[in-house]
Amino acid sequence: MSVRFADLPRRLVSLTIDGRAVRVPEGTTLLEACRQEGIDTPTLCYVETLTPVNVCRVCVVEVEGARALVPACSRRAEAGMVVHTDSERVRLSRRMVLELLASSVDLSLAAPEVRAWMQRYGADASRMGPAAAPDGHHRDQAHPGHHRVGDGARAETVAQPVKVDNENYVRDYSRCILCYKCVGACGTDAQNTFAIAVAGRGFEARISTEHAVPLPDSACVYCGNCIAVCPTGALMFRSEHEMRQAGTWDESRQTVTTTICPYCGVGCNLELHVQDNTIVKVTSPLDHDVTRGNLCVKGRFGFEFVQRRTREG
Amino acid sequence: MASGRTTAAERAAVDAVLGPPSSGWTGGGRDRLDGHVAFGGRSARERRRWLLPALHAVQDRLGWISPGALDYICTRLTIPPAEAYAVVSFYALFATEPQAPVVVHLCDDIACRCQGAEALCAAAEARFGPAGGTGAGDGITWVRSPCLGQCERGPAALIQSAAQAGAAPWSAAVAPATLEGIAAGLAAGAPGPPPVGPLPPQAVDGATDRLRLLRRTGRVDPGQLDSYRAHGGYQALRRAIELGPQGVIQELKASGLVGRGGAAFPTAVKWEAVAANPVRPHYAVCNGDESEPGTFKDRVLMEQDPFAVVEALTIMGFACGAEQGHCYVRGEYPLAIARLRHAIDRARDRGLLGSDVMGHGFRFDIEVHRGAGAYIAGEETALFNSAEGKRAEPRNKPPFPAQAGLFGQPTVINNVETLLNVLEVLEQGGAAYAATGTPGSAGTRLFCVSGCVDRPGLYEFEFGATLRQVLDAAGGVRAGRPLRTVLLGGAAGSFVGPDQLDLPLTFEGARAAGATLGSGVVMVFDDGVDLTDIVRRIARFFRDESCGQCVPCRVGTVRQEELLTRIATGRARGSTADELALLTDLGAAMRDASICGLGQTASTAVESAARLGLIATGGGGGGS
Amino acid sequence: MFGAGGGTSSYQEIEDTDLIILWGSNAREAHPIFFHHLLQGVRRGARLYAVDPRRTTSAQWADVWLGLDVGSDIALANAIGREIIDAGLVNEAFVQRATTGLAAYAAAVEPYTLERAEGDTGVPASVIRELAHAYARADRAQLCWTLGITEHHNATDNVLALINLSLLTGHVGRYGSGLVPLRGQNNVQGGGDMGALPNKLPGFHDVETDLPARARFEARWGAPLPPKRGWHLSGMFEAMERGELRTLYVLGENPAQSEADQTKAIRLLSGLDHLVVQDIFLTRTGELADVVLPATATWAEAEGTVTSSERRVQRVRRALTPPGQARDDIAILCELARRLGHEFGEPTAQEVWDELRALSPMHGGMSYARLEALGGLRWPCPDESHPGELFLHARLWEADPQRRGPAAPFTPVEFAPPVDALSEDFPIRLTTGRRLDSFNTGVQSGRFSSPLRRPETLNLAPEDADRFGLEEGERVRVCSRRGAVEAPVHLDASLRPGLAFMTLHFPDQVATNVLTIDATDPKSGTAEFKATAIRVETLALAAPAVPLPEKASA
């Protein structure tokens, strides 16, 4: 006997997106509906494997009858909804979100799509003024509800020194857009380690350990699941960081091979990123139901033994 | 295990609120049984809600949340330290660095700015040194504060005194504040119960007949249940029990009562949705976290008429099928918190709360939550998160509170003023209530009148009164100076010009004028006020109070403040018109794309000021 | 279980279950990604019970942790069974239809009262009762275990004691209810699937009793197969000791460091006539070998498949060119066959796999193309239209006796305490286990940088350290009846007084297996790594009562 446990059939709901009649199963988000229709919708804080937090607001769409725009990533389609994804309001909000981010965060290592979206929406971060130099203002110690008022001539940014406090990770929060993905991956969506959380508030909100202690003093178990979901390169494997610093990181010369982790018997899929016959990074496919993109420290970093087979070992 | 860095005092402070540890696994000494069994999991996760009370206990006792204290709290409550730190660092009244045991919070917000707040700050700096110091000399420091909700008697101060030399910790407002008054307050230590509060200005001449919500204020003894009963207390609950839950909701429907928090949502619709929700348990929540600059009405009600809040919340629970009520009060209102807690205890003593309310077989009790310094906690879903022991980050809606609110359960939530209107509805009957005010705005409204008026205070008017009538009642612009503008609805509201004095203060009237009644703020500015400075303070407020979740608000409020600074200091990039165009774009994105009302309204007042030409260009900057 | 050796359930089911018992498993550290699935189940409302002598990082997630004394698992399981019977919570319909032997089981567990179990295990009777009732009443329940159950002298009995509980309650053969032994290595399951067991042909066909299967293999391979079962690992060491086994070919194992009673294991390996070691490293065992065959790392330098703890067969692929003279396992084996006079040709991994599919019906439907397209398949998967089985033993719930097949037997088992008894001289119970960032003897895991890694320690309860006047980091001598090692002390609050903990991860620094006992389960061949009697001596006072073995890394 073979019993299958497919999802129960779901009712379809009909709605209109950009003038098109669309039918999607009940519970579908507007983002999924847009993707089904081939409507490219920018997202920064959304990833399939994590609970949507809808904080970046770059996926907002206009729903007729709603006062404000709604986040496509988490709003579910309802029967009769009339949705506009390219109205003037939507375009302006997306443009502003991108300008606000680009004027405050280093996006140079963000996915290439981000640049394409900025072009599409005409985002020009220079409107916000030249970036302020890091002024010795210690974000990690900021007290909520208080900030130093500047002269407004330069746009305040999140620029700060890179955090290098362990052998496996580098945290460059100058690149952090506060998408909460790392917090979700470290927390209830996957790892449940809770080594990091969003501390502080407002513009001084930041990803932090308790009392901003270095990672080795925190609960971190170096699974790298935060790095795997970081969309801007704020979190990076130290090996990649160092290769980038040395100018040797070259994705065009890398192959990616999917295989199974050599450690315990869970059967996690590994994607080995190989450059010059050397493993330079390990990821896991988001769409495989064993890992959903997650690994443990052994799977993520434990590959060294194949390339260090010295006699003295 | 708590780390060795927890001190005995820290332990004692936490144990005083959580009780002694139940096992060696939660911070106690280990016995033989601990080696063979431990209980955790779900029961441990449910203790999360005690995080804020435990943090308050440590802050009160030690004056800051040390790493050792946080360790112990985390062990007691099974909370990961990073998560607990995330919570501590969200709230302005918690300190994660050592600070002076006595902190004087000086309000430098917009209402107090009209009452000499900056001069007081300057005096404090001269006396105590730079803001936020460790109080090396006398153990006292001072910090600037957003609106403390004492706007009718500014400038305001809030003294936060940690336990010292055997004295219990205490916290109290001083208003109007002077350095001498503060010094006297510090010398006197924890204040005793203040006398029955001042009468509402309208009642001073004995003309109480027009007052509904304020009719007991200043007359009833807020500490005495029997005094409340002598003033007609608990008639409404009796009536509610006669009507039954459905009957109460029918009366509310007939009354046309809508929420007084700003959104003007029909109260009956909220209540009915929760009452009808088959998911149990339900929760009834009173939002006493008013923090909108210029707003102090709920404070007056909670401080002066706390039993009315308790009675109204009990009715809410009865009607909506909730057995547990929660009242979340901003941490800057220590007197309101104390009086509510006292009122709840007295009501429980008399069987007006508990397992058999009024002997009619229904169960209801109330827990008071003390906020910790976050304007955003007044947003209803942020309030739920805060009451659950989390950062007060608003949730995305839907789901709405009636589906998934406090602890994920169906929840009905109203602010204090709305709840007190429920008493009126039940006492008068829904139809009679609906007949007051205007067809679109039933009942009366409280107006928090502050700024440059002769008699600032809390005024109650039937809906339909004009702005001019309210100003007249308050004695008009003080010293007979010309009126420049009125900020209507608070920092999230908008400025209106002297040409709008005949604006009827109704929901429909405000809407038609492109304004909002908001939380009932009527803040008056004469021609001597530096309005550019006021507008910049509003921008600073939103930048400081943004929770930081969503990009439009987190960064938009920064850019808005930078932009205003440039204009005010004569450094506009391009022309002023270019800057105002950018302001319009920022405003549109914040209004359209922010998660919650804070971001959505963060530019409303600023933009209205720009439209009215209240922002001076170049060299007119002042302020901090 | 009841035939094929594999866990009955899939990972997704633990997300959809109502109750989880984690017994002798620190999955949080040993199977971290499985624990993700488990925690999803907990987030969705499943209750978690952890049975483990230590309050591990897994047990910290539990609604209830039952900290039993090491090796008292059967006392606990039998008492749970007795309580379920006593409370009338037996799943009568299931038991009647699908099992045999309840009466004998009930009689056997009758003496295991809650009170007796409290004495044997240390766990309060009320807590045992709570677990019994919760497990029996749950609509769905998953019972998971790992080496805490199997690294004992009575490993098989331990497993049977747990299986009995699943039969009693009907928690097997249904979606969300099952038995989940978690595999410690990435292809332990696959090794078994492929017949790397003394008594099985690939596909779990018994060498001695499944004559049609043996005939099938013999026909395909054109050679007769030995009709008798072989030795399992500890059987081999016993045979070496008796002098019956003189030549050993070791593939990818490091018995010189991984066997219990290491001193003895090295002596026996050194005494062989001929030792061949095929590995990707020159291991300690390799150092003893006459011939070393450098091999490829199967997961990164070769093609093939492995099978996971949920019976899912997945592809491993070549991503790197192997170093030096390292050769693929298949190539080495075929070359060896050729030198021994047999022509195996030069088959690819896929060709070898297709041969297996032709011979093992449960793998029949698993073509490389399907494994690729579907991200792996769970066996049994008899043909290419079959989606692979989510869980096993659904047949036990069939109404039709034909389809239901043979009944599942209860197997009464008795509690027998650990062989290495505590005494005045050896008063502390040492147990062993894994750490998150290390793996077995550290051959693989010792070579990457991990901020979590700290050297081997003797973990003691803080109370014991106090009692012995020891401080964190202080070096001590740890003595068992077989040997002694030196290690620094680490205070570990997950331990109760009288319980100590070490790992096997750093044999070159601290050869923990010098201490462990080779008392072995006669049925599975697993040694009792989990229960050693030790004493702790401060170095200043220590008299070398037991001569220290030469340093393992010498």
# chains A, B, ... in the order shown; residues from 1 in each chain; ligands from 1
call {"tool": "select_by_dssp", "arguments": {"residues": "range 212-399 of chain B", "states": "strand (DSSP E)", "output": "PyMOL selection string"}}
result
chain B and resi 282-288+322-329+354-357+362-370
call {"tool": "write_last_selection", "arguments": {"atoms": "N, CA and C atoms", "output": "PDB file, in the first residue's frame"}}
result
ATOM      1  N   HIS B 282     -10.217  34.406  24.433  1.00  0.00           N
ATOM      2  CA  HIS B 282     -10.197  35.774  23.926  1.00  0.00           C
ATOM      3  C   HIS B 282      -9.510  36.669  24.955  1.00  0.00           C
ATOM      4  N   TYR B 283      -8.958  37.763  24.473  1.00  0.00           N
ATOM      5  CA  TYR B 283      -8.384  38.729  25.394  1.00  0.00           C
ATOM      6  C   TYR B 283      -8.999  40.113  25.173  1.00  0.00           C
ATOM      7  N   ALA B 284      -9.154  40.822  26.279  1.00  0.00           N
ATOM      8  CA  ALA B 284      -9.637  42.203  26.226  1.00  0.00           C
ATOM      9  C   ALA B 284      -8.489  43.103  26.659  1.00  0.00           C
ATOM     10  N   VAL B 285      -8.176  44.077  25.826  1.00  0.00           N
ATOM     11  CA  VAL B 285      -7.001  44.897  26.100  1.00  0.00           C
ATOM     12  C   VAL B 285      -7.368  46.374  26.113  1.00  0.00           C
ATOM     13  N   CYS B 286      -6.884  47.041  27.146  1.00  0.00           N
ATOM     14  CA  CYS B 286      -7.014  48.487  27.218  1.00  0.00           C
ATOM     15  C   CYS B 286      -5.675  49.104  26.857  1.00  0.00           C
ATOM     16  N   ASN B 287      -5.693  49.946  25.863  1.00  0.00           N
ATOM     17  CA  ASN B 287      -4.476  50.606  25.421  1.00  0.00           C
ATOM     18  C   ASN B 287      -4.302  51.915  26.186  1.00  0.00           C
ATOM     19  N   GLY B 288      -3.425  51.868  27.175  1.00  0.00           N
ATOM     20  CA  GLY B 288      -3.127  53.062  27.969  1.00  0.00           C
ATOM     21  C   GLY B 288      -1.729  53.562  27.672  1.00  0.00           C
ATOM     22  N   ALA B 322     -14.054  37.382  26.939  1.00  0.00           N
ATOM     23  CA  ALA B 322     -12.674  37.275  27.415  1.00  0.00           C
ATOM     24  C   ALA B 322     -12.680  37.113  28.928  1.00  0.00           C
ATOM     25  N   GLU B 323     -11.831  36.240  29.426  1.00  0.00           N
ATOM     26  CA  GLU B 323     -11.722  36.077  30.877  1.00  0.00           C
ATOM     27  C   GLU B 323     -10.511  36.805  31.431  1.00  0.00           C
ATOM     28  N   GLN B 324      -9.647  37.247  30.530  1.00  0.00           N
ATOM     29  CA  GLN B 324      -8.471  37.961  31.002  1.00  0.00           C
ATOM     30  C   GLN B 324      -8.369  39.295  30.276  1.00  0.00           C
ATOM     31  N   GLY B 325      -8.211  40.323  31.068  1.00  0.00           N
ATOM     32  CA  GLY B 325      -8.007  41.646  30.514  1.00  0.00           C
ATOM     33  C   GLY B 325      -6.576  42.088  30.724  1.00  0.00           C
ATOM     34  N   HIS B 326      -6.088  42.896  29.832  1.00  0.00           N
ATOM     35  CA  HIS B 326      -4.743  43.430  29.950  1.00  0.00           C
ATOM     36  C   HIS B 326      -4.810  44.933  29.758  1.00  0.00           C
ATOM     37  N   CYS B 327      -4.114  45.646  30.619  1.00  0.00           N
ATOM     38  CA  CYS B 327      -4.079  47.082  30.478  1.00  0.00           C
ATOM     39  C   CYS B 327      -2.620  47.486  30.344  1.00  0.00           C
ATOM     40  N   TYR B 328      -2.264  48.001  29.182  1.00  0.00           N
ATOM     41  CA  TYR B 328      -0.872  48.362  28.910  1.00  0.00           C
ATOM     42  C   TYR B 328      -0.732  49.868  29.050  1.00  0.00           C
ATOM     43  N   VAL B 329       0.096  50.278  30.008  1.00  0.00           N
ATOM     44  CA  VAL B 329       0.234  51.701  30.307  1.00  0.00           C
ATOM     45  C   VAL B 329       1.675  52.123  30.068  1.00  0.00           C
ATOM     46  N   GLY B 354     -12.472  38.670  39.221  1.00  0.00           N
ATOM     47  CA  GLY B 354     -12.240  37.353  39.787  1.00  0.00           C
ATOM     48  C   GLY B 354     -13.108  36.313  39.127  1.00  0.00           C
ATOM     49  N   SER B 355     -13.345  35.232  39.849  1.00  0.00           N
ATOM     50  CA  SER B 355     -13.982  34.080  39.218  1.00  0.00           C
ATOM     51  C   SER B 355     -15.508  34.197  39.164  1.00  0.00           C
ATOM     52  N   ASP B 356     -16.058  35.200  39.840  1.00  0.00           N
ATOM     53  CA  ASP B 356     -17.529  35.290  39.872  1.00  0.00           C
ATOM     54  C   ASP B 356     -17.898  36.770  39.976  1.00  0.00           C
ATOM     55  N   VAL B 357     -17.701  37.454  38.860  1.00  0.00           N
ATOM     56  CA  VAL B 357     -17.836  38.907  38.897  1.00  0.00           C
ATOM     57  C   VAL B 357     -19.257  39.313  39.248  1.00  0.00           C
ATOM     58  N   PHE B 362     -19.531  35.124  35.883  1.00  0.00           N
ATOM     59  CA  PHE B 362     -18.500  35.159  34.849  1.00  0.00           C
ATOM     60  C   PHE B 362     -17.162  35.566  35.456  1.00  0.00           C
ATOM     61  N   ARG B 363     -16.130  35.120  34.776  1.00  0.00           N
ATOM     62  CA  ARG B 363     -14.777  35.238  35.290  1.00  0.00           C
ATOM     63  C   ARG B 363     -14.064  36.344  34.532  1.00  0.00           C
ATOM     64  N   PHE B 364     -13.412  37.218  35.255  1.00  0.00           N
ATOM     65  CA  PHE B 364     -12.615  38.243  34.586  1.00  0.00           C
ATOM     66  C   PHE B 364     -11.579  38.799  35.537  1.00  0.00           C
ATOM     67  N   ASP B 365     -10.397  38.971  35.026  1.00  0.00           N
ATOM     68  CA  ASP B 365      -9.366  39.628  35.821  1.00  0.00           C
ATOM     69  C   ASP B 365      -8.499  40.473  34.892  1.00  0.00           C
ATOM     70  N   ILE B 366      -7.712  41.345  35.502  1.00  0.00           N
ATOM     71  CA  ILE B 366      -6.944  42.309  34.708  1.00  0.00           C
ATOM     72  C   ILE B 366      -5.498  42.325  35.161  1.00  0.00           C
ATOM     73  N   GLU B 367      -4.630  42.328  34.205  1.00  0.00           N
ATOM     74  CA  GLU B 367      -3.207  42.480  34.482  1.00  0.00           C
ATOM     75  C   GLU B 367      -2.742  43.805  33.888  1.00  0.00           C
ATOM     76  N   VAL B 368      -1.945  44.526  34.670  1.00  0.00           N
ATOM     77  CA  VAL B 368      -1.420  45.803  34.184  1.00  0.00           C
ATOM     78  C   VAL B 368      -0.005  45.591  33.651  1.00  0.00           C
ATOM     79  N   HIS B 369       0.237  46.027  32.442  1.00  0.00           N
ATOM     80  CA  HIS B 369       1.574  45.959  31.846  1.00  0.00           C
ATOM     81  C   HIS B 369       2.181  47.351  31.862  1.00  0.00           C
ATOM     82  N   ARG B 370       3.419  47.401  32.262  1.00  0.00           N
ATOM     83  CA  ARG B 370       4.117  48.677  32.341  1.00  0.00           C
ATOM     84  C   ARG B 370       5.042  48.802  31.134  1.00  0.00           C
TER      85      ARG B 370
END
call {"tool": "closest_atom_pairs", "arguments": {"of": "chain A", "to": "chain C", "cutoff": "6 Å", "atoms": "only C-alpha atoms", "output": "Markdown table"}}
result
| residue | atom | partner | partner_atom | distance |
| --- | --- | --- | --- | --- |
| A:Ala190 | CA | C:His36 | CA | 5.9 |
| A:Thr257 | CA | C:Ala319 | CA | 5.6 |
| A:Thr259 | CA | C:Val316 | CA | 4.3 |
| A:Ile260 | CA | C:Val316 | CA | 5.4 |
| A:Pro262 | CA | C:Asn186 | CA | 5.6 |
| A:Tyr263 | CA | C:Asn186 | CA | 5.4 |
| A:Cys264 | CA | C:Gln185 | CA | 4.1 |
| A:Gly265 | CA | C:Asn186 | CA | 4.0 |
| A:Val266 | CA | C:Ser308 | CA | 5.4 |
| A:Gly267 | CA | C:Ser308 | CA | 4.9 |
| A:Asn277 | CA | C:Leu320 | CA | 5.5 |
| A:Lys298 | CA | C:Asp437 | CA | 5.8 |
| A:Gly302 | CA | C:Phe448 | CA | 5.6 |
| A:Glu304 | CA | C:Phe448 | CA | 5.3 |
| A:Phe305 | CA | C:Arg447 | CA | 5.4 |
call {"tool": "closest_atom_pairs", "arguments": {"of": "chain B", "to": "chain C", "cutoff": "10 Å", "atoms": "only C-alpha atoms", "output": "JSON lines"}}
result
{"residue": "B:Met1", "atom": "CA", "partner": "C:Ala493", "partner_atom": "CA", "distance": 7.5}
{"residue": "B:Gly24", "atom": "CA", "partner": "C:Ala493", "partner_atom": "CA", "distance": 9.8}
{"residue": "B:Trp25", "atom": "CA", "partner": "C:Ala493", "partner_atom": "CA", "distance": 9.1}
{"residue": "B:Arg30", "atom": "CA", "partner": "C:Arg496", "partner_atom": "CA", "distance": 9.1}
{"residue": "B:Asp31", "atom": "CA", "partner": "C:Arg496", "partner_atom": "CA", "distance": 9.3}
{"residue": "B:Arg32", "atom": "CA", "partner": "C:Arg496", "partner_atom": "CA", "distance": 8.0}
{"residue": "B:Leu33", "atom": "CA", "partner": "C:Pro124", "partner_atom": "CA", "distance": 8.0}
{"residue": "B:Asp34", "atom": "CA", "partner": "C:Arg496", "partner_atom": "CA", "distance": 7.9}
{"residue": "B:Gly35", "atom": "CA", "partner": "C:Arg496", "partner_atom": "CA", "distance": 4.8}
{"residue": "B:His36", "atom": "CA", "partner": "C:Gly67", "partner_atom": "CA", "distance": 4.0}
{"residue": "B:Val37", "atom": "CA", "partner": "C:Leu66", "partner_atom": "CA", "distance": 4.9}
{"residue": "B:Ala38", "atom": "CA", "partner": "C:Trp65", "partner_atom": "CA", "distance": 5.0}
{"residue": "B:Phe39", "atom": "CA", "partner": "C:Val64", "partner_atom": "CA", "distance": 4.6}
{"residue": "B:Gly40", "atom": "CA", "partner": "C:Asp63", "partner_atom": "CA", "distance": 4.6}
{"residue": "B:Gly41", "atom": "CA", "partner": "C:Asp63", "partner_atom": "CA", "distance": 4.0}
{"residue": "B:Arg42", "atom": "CA", "partner": "C:Asp63", "partner_atom": "CA", "distance": 6.0}
{"residue": "B:Ser43", "atom": "CA", "partner": "C:Asp63", "partner_atom": "CA", "distance": 7.2}
{"residue": "B:Ala44", "atom": "CA", "partner": "C:Asp63", "partner_atom": "CA", "distance": 8.2}
{"residue": "B:Arg45", "atom": "CA", "partner": "C:Trp61", "partner_atom": "CA", "distance": 9.9}
{"residue": "B:Thr78", "atom": "CA", "partner": "C:Gln60", "partner_atom": "CA", "distance": 9.6}
call {"tool": "residues_around", "arguments": {"residues": "range 22-38 of chain A", "least_positions_apart": "4", "cutoff": "9 Å", "atoms": "only C-alpha atoms", "output": "NGL selection string"}}
result
:A and (9-17 or 59 or 61 or 71-79 or 83 or 85)
call {"tool": "residues_around", "arguments": {"residues": "range 528-534 of chain C", "least_positions_apart": "2", "cutoff": "7 Å", "atoms": "only C-alpha atoms", "output": "list in words"}}
result
Val70, Gly148, Glu151, His152, His153, Ala260, Pro418, Asp420, Ala421, Leu422, Phe426, Pro427, Ile428, Arg429, Leu430, Thr431, Thr432, Val478, Cys479, Ser480, Thr516, Ile517, Asp518, Ala519, Thr520, Thr526 and Val536 of chain C
call {"tool": "interface_residues", "arguments": {"of": "chain B", "to": "chain A", "cutoff": "7 Å", "atoms": "only C-alpha atoms", "output": "PyMOL selection string"}}
result
chain B and resi 80-83+85-87+89-92+543-552+554-556+562-563+565-566+589+591-593
call {"tool": "residues_around", "arguments": {"residues": "range 206-211 of chain C", "least_positions_apart": "4", "cutoff": "10 Å", "atoms": "only C-alpha atoms", "output": "PyMOL selection string"}}
result
chain C and resi 3+195+197-202+215-217+225-230
call {"tool": "write_last_selection", "arguments": {"atoms": "C-alpha atoms", "output": "compact mmCIF listing (two decimals), in the first residue's frame"}}
result
# COMPACT_ATOMS: atom_id res chain seq x y z
CA GLY C 3 12.45 -7.32 8.04
CA GLY C 195 24.58 -6.00 1.86
CA LEU C 197 26.24 -6.89 6.74
CA PRO C 198 27.43 -10.37 7.72
CA ASN C 199 24.14 -12.04 6.92
CA LYS C 200 22.56 -10.00 4.13
CA LEU C 201 22.77 -9.69 0.42
CA PRO C 202 21.97 -6.30 -1.13
CA ALA C 215 20.23 -17.98 -6.63
CA ARG C 216 19.43 -14.71 -8.39
CA PHE C 217 22.71 -13.14 -7.31
CA LEU C 225 28.08 -17.29 -2.88
CA PRO C 226 29.05 -18.48 0.60
CA PRO C 227 25.92 -20.03 2.14
CA LYS C 228 26.84 -18.99 5.68
CA ARG C 229 26.74 -15.64 7.34
CA GLY C 230 30.03 -13.90 8.00
call {"tool": "atom_distance", "arguments": {"atom1": "CA of Ala159 in chain A", "atom2": "CA of Ala132 in chain A"}}
result
8.6 Å
call {"tool": "atom_distance", "arguments": {"atom1": "CA of Gly599 in chain B", "atom2": "CA of Pro42 in chain A"}}
result
21.2 Å
call {"tool": "select_by_dssp", "arguments": {"residues": "range 406-484 of chain C", "states": "alpha helix (DSSP H)", "output": "ChimeraX atom specification"}}
result
/C:462-468
call {"tool": "write_last_selection", "arguments": {"atoms": "all heavy atoms", "output": "short mmCIF file (atom, residue, chain, number, x, y, z; two decimals), in the first residue's frame"}}
result
data_model
loop_
_atom_site.label_atom_id
_atom_site.label_comp_id
_atom_site.auth_asym_id
_atom_site.auth_seq_id
_atom_site.Cartn_x
_atom_site.Cartn_y
_atom_site.Cartn_z
N PRO C 462 29.54 19.75 38.20
CA PRO C 462 30.21 20.72 39.08
C PRO C 462 30.31 20.22 40.52
O PRO C 462 31.32 20.46 41.19
CB PRO C 462 29.29 21.96 39.00
CG PRO C 462 28.56 21.82 37.70
CD PRO C 462 28.43 20.35 37.45
N GLU C 463 29.29 19.49 40.97
CA GLU C 463 29.32 18.97 42.35
C GLU C 463 30.47 17.98 42.53
O GLU C 463 31.11 17.97 43.58
CB GLU C 463 28.00 18.27 42.69
CG GLU C 463 26.77 19.19 42.71
CD GLU C 463 26.08 19.31 41.37
OE1 GLU C 463 26.73 19.05 40.33
OE2 GLU C 463 24.87 19.66 41.35
N ASP C 464 30.70 17.14 41.51
CA ASP C 464 31.79 16.17 41.61
C ASP C 464 33.14 16.87 41.63
O ASP C 464 34.04 16.50 42.39
CB ASP C 464 31.73 15.17 40.44
CG ASP C 464 30.70 14.07 40.69
OD1 ASP C 464 30.25 13.94 41.85
OD2 ASP C 464 30.36 13.36 39.73
N ALA C 465 33.26 17.86 40.75
CA ALA C 465 34.52 18.60 40.71
C ALA C 465 34.80 19.20 42.09
O ALA C 465 35.92 19.13 42.60
CB ALA C 465 34.45 19.68 39.65
N ASP C 466 33.76 19.74 42.67
CA ASP C 466 33.87 20.30 44.03
C ASP C 466 34.33 19.23 45.02
O ASP C 466 35.23 19.45 45.82
CB ASP C 466 32.48 20.77 44.49
CG ASP C 466 32.39 22.27 44.49
OD1 ASP C 466 33.34 22.91 43.98
OD2 ASP C 466 31.38 22.80 45.00
N ARG C 467 33.66 18.09 44.93
CA ARG C 467 33.90 16.99 45.85
C ARG C 467 35.35 16.53 45.75
O ARG C 467 36.00 16.21 46.74
CB ARG C 467 32.95 15.85 45.48
CG ARG C 467 32.82 14.72 46.45
CD ARG C 467 31.41 14.08 46.34
NE ARG C 467 31.09 13.62 45.00
CZ ARG C 467 31.24 12.35 44.58
NH1 ARG C 467 31.68 11.43 45.41
NH2 ARG C 467 30.91 12.00 43.36
N PHE C 468 35.87 16.47 44.51
CA PHE C 468 37.24 16.00 44.31
C PHE C 468 38.25 17.15 44.41
O PHE C 468 39.44 16.94 44.21
CB PHE C 468 37.40 15.33 42.94
CG PHE C 468 36.46 14.18 42.71
CD1 PHE C 468 35.93 13.93 41.46
CD2 PHE C 468 36.10 13.33 43.75
CE1 PHE C 468 35.06 12.87 41.24
CE2 PHE C 468 35.23 12.27 43.54
CZ PHE C 468 34.71 12.03 42.29
#
call {"tool": "atom_distance", "arguments": {"atom1": "CA of Leu501 in chain B", "atom2": "CA of Thr466 in chain B"}}
result
6.8 Å
call {"tool": "residues_around", "arguments": {"residues": "range 375-389 of chain B", "least_positions_apart": "5", "cutoff": "7 Å", "atoms": "only C-alpha atoms", "output": "ChimeraX atom specification"}}
result
/B:48-52,287,289-291,369,394-395,405-407,545,547
call {"tool": "write_last_selection", "arguments": {"atoms": "C-alpha atoms", "output": "PDB file, in the first residue's frame"}}
result
ATOM      1  CA  ARG B  48       8.518  34.798  27.880  1.00  0.00           C
ATOM      2  CA  ARG B  49       5.838  37.293  28.835  1.00  0.00           C
ATOM      3  CA  TRP B  50       7.588  37.904  32.161  1.00  0.00           C
ATOM      4  CA  LEU B  51      10.596  39.408  30.425  1.00  0.00           C
ATOM      5  CA  LEU B  52       9.553  43.057  30.701  1.00  0.00           C
ATOM      6  CA  ASN B 287      -4.476  50.606  25.421  1.00  0.00           C
ATOM      7  CA  ASP B 289       0.085  53.705  26.082  1.00  0.00           C
ATOM      8  CA  GLU B 290      -0.812  57.134  24.819  1.00  0.00           C
ATOM      9  CA  SER B 291       2.453  58.697  23.744  1.00  0.00           C
ATOM     10  CA  HIS B 369       1.574  45.959  31.846  1.00  0.00           C
ATOM     11  CA  PRO B 394       4.161  46.392  14.776  1.00  0.00           C
ATOM     12  CA  ARG B 395       2.879  43.347  12.961  1.00  0.00           C
ATOM     13  CA  GLY B 405      -3.930  39.495  18.573  1.00  0.00           C
ATOM     14  CA  LEU B 406      -2.338  39.123  21.981  1.00  0.00           C
ATOM     15  CA  PHE B 407      -0.586  35.729  22.253  1.00  0.00           C
ATOM     16  CA  GLU B 545      10.632  56.491  17.786  1.00  0.00           C
ATOM     17  CA  CYS B 547      10.997  50.872  15.448  1.00  0.00           C
TER      18      CYS B 547
END
